[in-house]
Amino acid sequence: MSEVHLSIGQQLDALGLDLAVPEGHRVHEATVQLVTGLEGDVHVAHRPIKLPLQEPGSVPVPNPVERRVITVVAEGQRISPEQHERVKTWLRVNGIDPKKVAFGDITVEYRMRGDQPGRQVIGFTEFYESPDGHREMNARTLDGALTFQRWVVQQVPIEPDPTWQGWPKWHEEIAARRAERERQAGDDA
């Protein structure tokens, strides 16, 4: 069976698409959502085709897709018992056993396309367990449990810390601590 190659314009013409363009105007840009398939079969929706394409590619530089990484808990970060319980509860409601989470960063990552966030995943380091539920030793280094990076789709976002007073208050506290350290350094001299 041979393929028939028709331009998008020819296919749109065959659909009977008609557009009244005022005299002296021309189509500067168009976006087409292409859906293909045979009658009675599943249809496939393809990526939107935007014309004209900018050369050498259709994605501008810098790429407008923004990758965001939110650190829920940083490796080595000290957290209060209340914060620890909040994080454990959040992990559980997202299907993650907190007992299997190793020390390290716990993050939420996603891509922003314009003002639309994409799929959000929780990233963390998990202890590897044998089928009988025991942590495996890292056979290469023999200095701890074997771990691996794991990503789970976030079903429930973590709520903001109820004790958080906002960035202005945080910057104020940091500036006050810095001033106090400088004052103490001056007194010691």
# chains A, B, ... in the order shown; residues from 1 in each chain; ligands from 1

call {"tool": "closest_atom_pairs", "arguments": {"of": "range 123-154 of chain A", "to": "range 73-84 of chain A", "cutoff": "12 Å", "atoms": "only C-alpha atoms", "output": "CSV"}}
result
residue,atom,partner,partner_atom,distance
A:Gly123,CA,A:Val73,CA,10.8
A:Phe124,CA,A:Val73,CA,9.8
A:Thr125,CA,A:Glu75,CA,10.5

call {"tool": "residues_around", "arguments": {"residues": "Thr147 in chain A", "least_positions_apart": "2", "cutoff": "6 Å", "atoms": "only C-alpha atoms", "output": "list of chain:residue names"}}
result
A:Glu126, A:Phe127, A:Tyr128

call {"tool": "residues_around", "arguments": {"residues": "His134 in chain A", "least_positions_apart": "4", "cutoff": "12 Å", "atoms": "only C-alpha atoms", "output": "list in words"}}
result
Lys99, Lys100, Phe127, Tyr128, Glu129, Ser130, Ala145 and Leu146 of chain A

call {"tool": "closest_residue", "arguments": {"among": "A:Asp115, A:Asp97, A:Glu85, A:Asp13", "to": "Asp161 in chain A", "atoms": "only C-alpha atoms"}}
result
A:Glu85

call {"tool": "residues_around", "arguments": {"residues": "range 87-92 of chain A", "least_positions_apart": "5", "cutoff": "8 Å", "atoms": "only C-alpha atoms", "output": "NGL selection string"}}
result
:A and (97-98 or 156-158)

call {"tool": "atom_distance", "arguments": {"atom1": "CA of Trp151 in chain A", "atom2": "CA of Arg68 in chain A"}}
result
14.9 Å

call {"tool": "residues_around", "arguments": {"residues": "Ile122 in chain A", "least_positions_apart": "2", "cutoff": "6 Å", "atoms": "only C-alpha atoms", "output": "PDB file with N, CA and C atoms, in the first residue's frame"}}
result
ATOM      1  N   THR A 107      12.150  16.227  47.218  1.00  0.00           N
ATOM      2  CA  THR A 107      11.785  17.350  46.351  1.00  0.00           C
ATOM      3  C   THR A 107      10.460  17.078  45.641  1.00  0.00           C
ATOM      4  N   VAL A 108       9.882  18.158  45.120  1.00  0.00           N
ATOM      5  CA  VAL A 108       8.756  18.065  44.197  1.00  0.00           C
ATOM      6  C   VAL A 108       9.235  18.750  42.928  1.00  0.00           C
ATOM      7  N   TRP A 151      10.986   8.178  42.081  1.00  0.00           N
ATOM      8  CA  TRP A 151      10.079   9.274  41.729  1.00  0.00           C
ATOM      9  C   TRP A 151       8.658   8.742  41.762  1.00  0.00           C
ATOM     10  N   VAL A 152       7.780   9.460  42.449  1.00  0.00           N
ATOM     11  CA  VAL A 152       6.381   9.073  42.577  1.00  0.00           C
ATOM     12  C   VAL A 152       5.535  10.284  42.193  1.00  0.00           C
ATOM     13  N   GLN A 154       2.982  12.973  42.499  1.00  0.00           N
ATOM     14  CA  GLN A 154       2.351  13.579  43.669  1.00  0.00           C
ATOM     15  C   GLN A 154       0.836  13.608  43.460  1.00  0.00           C
TER      16      GLN A 154
END

call {"tool": "select_by_dssp", "arguments": {"residues": "chain A", "states": "helix (DSSP H, G or I)", "output": "JSON, numbers by chain"}}
result
{"A": [8, 9, 10, 11, 12, 13, 14, 81, 82, 83, 84, 85, 86, 87, 88, 89, 90, 91, 92, 93, 98, 99, 100, 167, 168, 169, 170, 171, 172, 173, 174, 175, 176, 177, 178, 179, 180, 181, 182, 183, 184, 185, 186, 187, 188]}
